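Structure, as structure tokens:
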Amino acid sequence: MTGLGEASARGTAMDRDCLSCIKYLMFVFNFLIFLGGSFLLGVGVWVLVDPTGFKEIVAANPLLFTGVYIILAMGGMLFLLGFLGCCGAIRENKCLLMFFFMLILVIFLAELAAAILAFIFREHLTREYFTKELKRHYQGYNNTDVFTGTWNAIMNTFDCCGVNSPEDFEESLFRLVNPNEKVPAACCRRGSHPGDSAYISQEECLMGNMLFRNNKGCYSAVVDYFELYIYVAGALAIVVLTIELFAMVFAMCLFRGIQ
């Protein structure tokens with residue numbers, strides 16, 4: 001009987017140790033989720049207040065404008081969930097743990113669905129797609145047109161012209177609207193001093209002189225600028241999904257282990 005009692009005591013001690021281990025592991029994972037939410041909030045706020053031109057690009061495009069607020073909302077939700085998860089783990093509160101599990105499951109499924117949709121519609125991010133849209137819709141000087149305003153902001157911000165090169169404007173709506181100009185004013189080079197917004201020679205640029213216009217395509221310019229951030233964002237997304245998955249597993253284990 002003594003041996004059975006000692007075995008039962010050892011089993012109970014092991015269960016407590018296992019539960020304690022799960023509790024602190026869940027705390028660590030939720031703290032990482034908390035940090036991830038803080039990062040997303042920081043990115044969203046940076047895009048909205050950044051002085052280098054991204055604010056104008058975002059404001060000109062309703063889709064990007066909505067995307068920034070989605071990032072802010074997701075960041076705020078992850079921030080809150082990480083906090084709730086940490087509190088639920090430390091205090092061993094079953095209600096908090098169940099609430100945390102259900103919310104993070106919804107977020108996990110939403111992120112997974114977004115990744116699948118991004119993969120399905122990836123063909124809309126090709127050079128050919130952007131070139132076709134530019135030729136069909138870009139007008140040059142219509143500030144009330146969202147598409148035109150967005151492209152002007154991109155070309156001014158990245159010192160680029162067209163999707164692939166200035167030749168993209170040949171046989172385009174822009175040339176129909178402005179038959180005497182080879183490229184729009186947004187393609188013209190500016191002074192080399194920081195903050196200098198004056199064109200070197202707008203007249204020569206509009207006539208197609210390569211010395212006074214930006215000759216690099218915006219597709220390459222934007223991809224080169226964001227290449228590192230794209231890989232970092234992709235890796236971060238995988239890490240976040242993995243952390244959320246483990247956090248859900250630990251939450252359920254801790255929920256079932258609490259007496």
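Note on naming: chains are A, B, ... as they come in the structure tokens, residues start from 1 per chain, ligands start from 1 in the order shown.
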Give me the residues near stretch 170-181 of chain A as a compact mmCIF listing (two decimals) with N, CA, C and O atoms, in the first residue's frame, where near means some atom within 12 Å (using only C-alpha atoms) and where sequence neighbours in that chain fewer than 2 positions away do not count.
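Full text of result-v2.txt as output:
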# COMPACT_ATOMS: atom_id res chain seq x y z
N THR A 131 0.99 46.64 -66.18
CA THR A 131 1.20 47.36 -67.44
C THR A 131 -0.12 47.55 -68.17
O THR A 131 -0.42 48.64 -68.68
N LYS A 132 -0.91 46.50 -68.23
CA LYS A 132 -2.21 46.58 -68.90
C LYS A 132 -3.12 47.60 -68.22
O LYS A 132 -3.77 48.41 -68.90
N GLU A 133 -3.15 47.60 -66.89
CA GLU A 133 -3.98 48.54 -66.15
C GLU A 133 -3.50 49.97 -66.34
O GLU A 133 -4.31 50.90 -66.47
N LEU A 134 -2.17 50.16 -66.34
CA LEU A 134 -1.62 51.50 -66.54
C LEU A 134 -2.01 52.05 -67.91
O LEU A 134 -2.43 53.21 -68.04
N LYS A 135 -1.87 51.24 -68.94
CA LYS A 135 -2.22 51.68 -70.29
C LYS A 135 -3.71 52.02 -70.41
O LYS A 135 -4.09 52.95 -71.13
N ARG A 136 -4.54 51.30 -69.71
CA ARG A 136 -5.99 51.46 -69.86
C ARG A 136 -6.56 52.59 -69.02
O ARG A 136 -7.56 53.22 -69.42
N HIS A 137 -5.95 52.90 -67.85
CA HIS A 137 -6.62 53.79 -66.90
C HIS A 137 -5.84 55.06 -66.53
O HIS A 137 -6.46 56.02 -66.05
N TYR A 138 -4.52 55.08 -66.72
CA TYR A 138 -3.75 56.24 -66.27
C TYR A 138 -3.99 57.43 -67.18
O TYR A 138 -3.88 57.33 -68.40
N GLN A 139 -4.31 58.60 -66.56
CA GLN A 139 -4.66 59.79 -67.34
C GLN A 139 -3.61 60.89 -67.28
O GLN A 139 -3.58 61.77 -68.14
N GLY A 140 -2.77 60.89 -66.26
CA GLY A 140 -1.68 61.86 -66.19
C GLY A 140 -1.89 62.98 -65.21
O GLY A 140 -1.10 63.19 -64.30
N TYR A 141 -2.98 63.76 -65.38
CA TYR A 141 -3.14 64.97 -64.58
C TYR A 141 -4.49 65.06 -63.87
O TYR A 141 -4.83 66.09 -63.31
N ASN A 142 -5.26 64.01 -63.90
CA ASN A 142 -6.58 64.03 -63.26
C ASN A 142 -6.43 63.68 -61.78
O ASN A 142 -6.35 62.51 -61.40
N THR A 148 -5.05 57.29 -61.13
CA THR A 148 -4.03 58.22 -61.62
C THR A 148 -3.27 58.85 -60.46
O THR A 148 -2.03 58.95 -60.51
N GLY A 162 6.44 54.57 -65.34
CA GLY A 162 5.78 53.40 -65.90
C GLY A 162 6.00 52.16 -65.06
O GLY A 162 6.58 52.21 -63.97
N SER A 165 9.15 50.71 -67.95
CA SER A 165 9.96 51.81 -68.45
C SER A 165 9.01 52.89 -68.97
O SER A 165 7.79 52.68 -69.06
N PRO A 166 9.54 54.06 -69.37
CA PRO A 166 8.68 55.11 -69.94
C PRO A 166 7.93 54.67 -71.20
O PRO A 166 6.90 55.26 -71.54
N GLU A 167 8.44 53.64 -71.89
CA GLU A 167 7.77 53.16 -73.10
C GLU A 167 6.38 52.58 -72.82
O GLU A 167 5.60 52.38 -73.74
N ASP A 168 6.07 52.34 -71.56
CA ASP A 168 4.75 51.80 -71.22
C ASP A 168 3.63 52.77 -71.59
O ASP A 168 2.47 52.36 -71.71
N VAL A 183 5.72 61.39 -71.93
CA VAL A 183 5.59 60.84 -70.58
C VAL A 183 4.90 61.89 -69.70
O VAL A 183 4.92 63.08 -70.02
N PRO A 184 4.30 61.49 -68.58
CA PRO A 184 3.68 62.46 -67.66
C PRO A 184 4.72 63.21 -66.85
O PRO A 184 5.88 62.78 -66.75
N ALA A 185 4.33 64.30 -66.25
CA ALA A 185 5.24 65.12 -65.46
C ALA A 185 5.80 64.36 -64.26
O ALA A 185 6.91 64.64 -63.81
N CYS A 187 7.08 61.62 -64.23
CA CYS A 187 8.28 60.88 -64.64
C CYS A 187 9.52 61.78 -64.71
O CYS A 187 10.62 61.27 -64.89
N CYS A 188 9.34 63.08 -64.63
CA CYS A 188 10.46 64.01 -64.83
C CYS A 188 11.39 64.03 -63.62
O CYS A 188 10.95 63.94 -62.48
N GLN A 202 11.28 70.29 -67.23
CA GLN A 202 10.02 69.59 -67.48
C GLN A 202 9.69 69.55 -68.97
O GLN A 202 9.19 68.54 -69.47
N GLU A 203 9.99 70.63 -69.68
CA GLU A 203 9.66 70.68 -71.11
C GLU A 203 10.41 69.60 -71.89
O GLU A 203 9.82 68.88 -72.71
N GLU A 204 11.71 69.48 -71.62
CA GLU A 204 12.50 68.45 -72.30
C GLU A 204 12.03 67.05 -71.91
O GLU A 204 12.00 66.14 -72.73
N CYS A 205 11.68 66.91 -70.65
CA CYS A 205 11.21 65.61 -70.17
C CYS A 205 9.93 65.19 -70.87
O CYS A 205 9.82 64.05 -71.34
N LEU A 206 8.97 66.11 -70.95
CA LEU A 206 7.69 65.78 -71.57
C LEU A 206 7.83 65.45 -73.05
O LEU A 206 7.02 64.70 -73.61
N MET A 207 8.89 65.98 -73.67
CA MET A 207 9.13 65.68 -75.08
C MET A 207 9.84 64.34 -75.27
O MET A 207 10.05 63.90 -76.39
N GLY A 208 10.23 63.70 -74.14
CA GLY A 208 10.81 62.36 -74.22
C GLY A 208 12.31 62.30 -74.10
O GLY A 208 12.90 61.24 -74.33
N ASN A 209 12.98 63.40 -73.73
CA ASN A 209 14.43 63.41 -73.59
C ASN A 209 14.84 62.53 -72.40
O ASN A 209 14.47 62.80 -71.26
A:Asn93: which residues within 10 Å, counting only C-alpha atoms, same-chain residues fewer than 5 positions away excluded, as a list in words? Gly85, Cys87, Gly88, Met98, Leu254, Phe255 and Ile258 of chain A
Could you list, as a list in words, every residue within 12 Å of A:Val239, counting only C-alpha atoms and ignoring same-chain residues fewer than 6 positions away? Phe29, Leu32, Ile33, Gly36, Val232, Ala233, Leu245 and Phe246 of chain A
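Using only C-alpha atoms, the nearest neighbour of A:Phe39 within the list A:Asn215, A:Ile154, A:Leu236, A:Ala114 is A:Leu236.
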Write out as a PyMOL selection string all residues of stretch 20-166 of chain A that backbone DSSP assigns to helix (DSSP H, G or I). chain A and resi 20-49+54-60+62-91+94-120+122-125+127-137+146-158+166
Just C-alpha atoms for this one: save the residues we selected as a CSV table (one decimal), in the first residue's frame.
chain,number,residue,atom,x,y,z
A,20,SER,CA,3.3,24.2,-14.5
A,21,CYS,CA,5.5,23.6,-17.5
A,22,ILE,CA,2.6,24.1,-19.9
A,23,LYS,CA,1.5,27.2,-18.0
A,24,TYR,CA,4.8,28.9,-18.4
A,25,LEU,CA,5.2,27.8,-22.0
A,26,MET,CA,1.8,29.3,-22.8
A,27,PHE,CA,2.9,32.5,-21.0
A,28,VAL,CA,6.0,32.6,-23.3
A,29,PHE,CA,4.0,32.0,-26.5
A,30,ASN,CA,1.4,34.6,-25.5
A,31,PHE,CA,4.1,37.1,-24.7
A,32,LEU,CA,5.4,36.6,-28.2
A,33,ILE,CA,1.9,37.1,-29.6
A,34,PHE,CA,1.8,40.3,-27.5
A,35,LEU,CA,5.0,41.5,-29.1
A,36,GLY,CA,3.7,40.5,-32.6
A,37,GLY,CA,0.6,42.6,-32.0
A,38,SER,CA,2.8,45.5,-30.9
A,39,PHE,CA,4.9,45.2,-34.0
A,40,LEU,CA,1.8,45.3,-36.3
A,41,LEU,CA,0.4,48.3,-34.5
A,42,GLY,CA,3.8,50.0,-34.9
A,43,VAL,CA,3.8,49.2,-38.7
A,44,GLY,CA,0.3,50.5,-39.2
A,45,VAL,CA,1.0,53.8,-37.3
A,46,TRP,CA,4.3,54.2,-39.2
A,47,VAL,CA,2.6,53.9,-42.6
A,48,LEU,CA,0.0,56.5,-41.6
A,49,VAL,CA,2.4,59.1,-40.3
A,54,PHE,CA,3.8,56.5,-48.3
A,55,LYS,CA,1.0,58.3,-46.5
A,56,GLU,CA,0.0,59.9,-49.7
A,57,ILE,CA,0.1,56.6,-51.6
A,58,VAL,CA,-2.0,54.9,-49.0
A,59,ALA,CA,-4.5,57.8,-48.8
A,60,ALA,CA,-4.9,57.8,-52.6
A,62,PRO,CA,-8.9,52.9,-50.9
A,63,LEU,CA,-7.6,49.3,-51.0
A,64,LEU,CA,-4.3,50.2,-49.3
A,65,PHE,CA,-6.1,52.6,-47.0
A,66,THR,CA,-8.4,49.8,-45.8
A,67,GLY,CA,-5.4,47.4,-45.6
A,68,VAL,CA,-3.6,49.7,-43.1
A,69,TYR,CA,-6.6,49.8,-40.8
A,70,ILE,CA,-6.9,46.0,-41.1
A,71,ILE,CA,-3.2,45.8,-39.9
A,72,LEU,CA,-4.0,48.2,-37.1
A,73,ALA,CA,-7.1,46.1,-36.1
A,74,MET,CA,-5.2,42.8,-36.3
A,75,GLY,CA,-2.3,44.3,-34.3
A,76,GLY,CA,-4.7,45.6,-31.6
A,77,MET,CA,-6.4,42.2,-31.4
A,78,LEU,CA,-3.2,40.3,-31.1
A,79,PHE,CA,-2.0,42.8,-28.5
A,80,LEU,CA,-5.2,42.2,-26.5
A,81,LEU,CA,-5.1,38.4,-27.0
A,82,GLY,CA,-1.5,38.2,-25.9
A,83,PHE,CA,-2.3,40.1,-22.7
A,84,LEU,CA,-5.4,37.9,-22.0
A,85,GLY,CA,-3.5,34.7,-22.7
A,86,CYS,CA,-0.7,35.7,-20.3
A,87,CYS,CA,-3.3,36.6,-17.6
A,88,GLY,CA,-5.2,33.3,-18.2
A,89,ALA,CA,-2.0,31.2,-18.0
A,90,ILE,CA,-0.6,32.8,-14.8
A,91,ARG,CA,-3.9,32.9,-13.0
A,94,LYS,CA,-10.6,28.6,-17.3
A,95,CYS,CA,-13.0,31.3,-18.6
A,96,LEU,CA,-10.1,33.5,-19.8
A,97,LEU,CA,-8.4,30.5,-21.4
A,98,MET,CA,-11.5,29.4,-23.3
A,99,PHE,CA,-12.2,33.0,-24.4
A,100,PHE,CA,-8.6,33.3,-25.5
A,101,PHE,CA,-8.7,30.0,-27.4
A,102,MET,CA,-11.9,30.9,-29.4
A,103,LEU,CA,-10.6,34.3,-30.4
A,104,ILE,CA,-7.2,33.1,-31.5
A,105,LEU,CA,-8.8,30.3,-33.4
A,106,VAL,CA,-10.9,32.9,-35.4
A,107,ILE,CA,-7.8,35.0,-36.0
A,108,PHE,CA,-5.8,31.9,-37.1
A,109,LEU,CA,-8.4,30.9,-39.6
A,110,ALA,CA,-8.8,34.4,-40.9
A,111,GLU,CA,-5.0,34.7,-41.5
A,112,LEU,CA,-4.9,31.3,-43.1
A,113,ALA,CA,-7.8,32.3,-45.4
A,114,ALA,CA,-6.0,35.6,-46.3
A,115,ALA,CA,-2.8,33.7,-47.2
A,116,ILE,CA,-4.8,31.3,-49.4
A,117,LEU,CA,-6.5,34.2,-51.2
A,118,ALA,CA,-3.2,36.0,-51.7
A,119,PHE,CA,-1.8,32.8,-53.3
A,120,ILE,CA,-4.9,32.4,-55.5
A,122,ARG,CA,-1.0,36.3,-57.0
A,123,GLU,CA,-1.4,36.7,-60.8
A,124,HIS,CA,-2.8,40.2,-60.3
A,125,LEU,CA,0.7,41.2,-59.0
A,127,ARG,CA,4.2,43.1,-64.5
A,128,GLU,CA,1.8,42.3,-67.3
A,129,TYR,CA,-1.2,43.0,-65.2
A,130,PHE,CA,0.1,46.4,-63.9
A,131,THR,CA,1.2,47.4,-67.4
A,132,LYS,CA,-2.2,46.6,-68.9
A,133,GLU,CA,-4.0,48.5,-66.1
A,134,LEU,CA,-1.6,51.5,-66.5
A,135,LYS,CA,-2.2,51.7,-70.3
A,136,ARG,CA,-6.0,51.5,-69.9
A,137,HIS,CA,-6.6,53.8,-66.9
A,146,VAL,CA,-7.8,57.5,-57.6
A,147,PHE,CA,-5.9,55.3,-60.0
A,148,THR,CA,-4.0,58.2,-61.6
A,149,GLY,CA,-3.3,59.9,-58.3
A,150,THR,CA,-1.9,56.6,-56.9
A,151,TRP,CA,0.4,56.2,-59.8
A,152,ASN,CA,1.6,59.8,-59.7
A,153,ALA,CA,2.4,59.3,-56.0
A,154,ILE,CA,4.3,56.1,-56.7
A,155,MET,CA,6.4,57.6,-59.5
A,156,ASN,CA,7.2,60.7,-57.5
A,157,THR,CA,8.1,58.7,-54.4
A,158,PHE,CA,10.3,56.1,-56.1
A,166,PRO,CA,8.7,55.1,-69.9
Could you jot down the atom CA of A:Asn164 to atom CA of A:Arg190 separation for me, Å, one decimal place?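 Atom-to-atom, atom CA of A:Asn164 and atom CA of A:Arg190 are spaced 20.1 Å apart.
What separates atom CA of A:Arg189 from atom CA of A:Leu211 is a distance of 8.5 Å.
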Would you please give, as an MDAnalysis selection string, all residues of stretch 26-250 of chain A that DSSP assigns to strand (DSSP E or B) based on the backbone? chainID A and resid 188 190 199 213
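Here atom CA of A:Phe212 and atom CA of A:Val163 stand 18.1 Å from one another.
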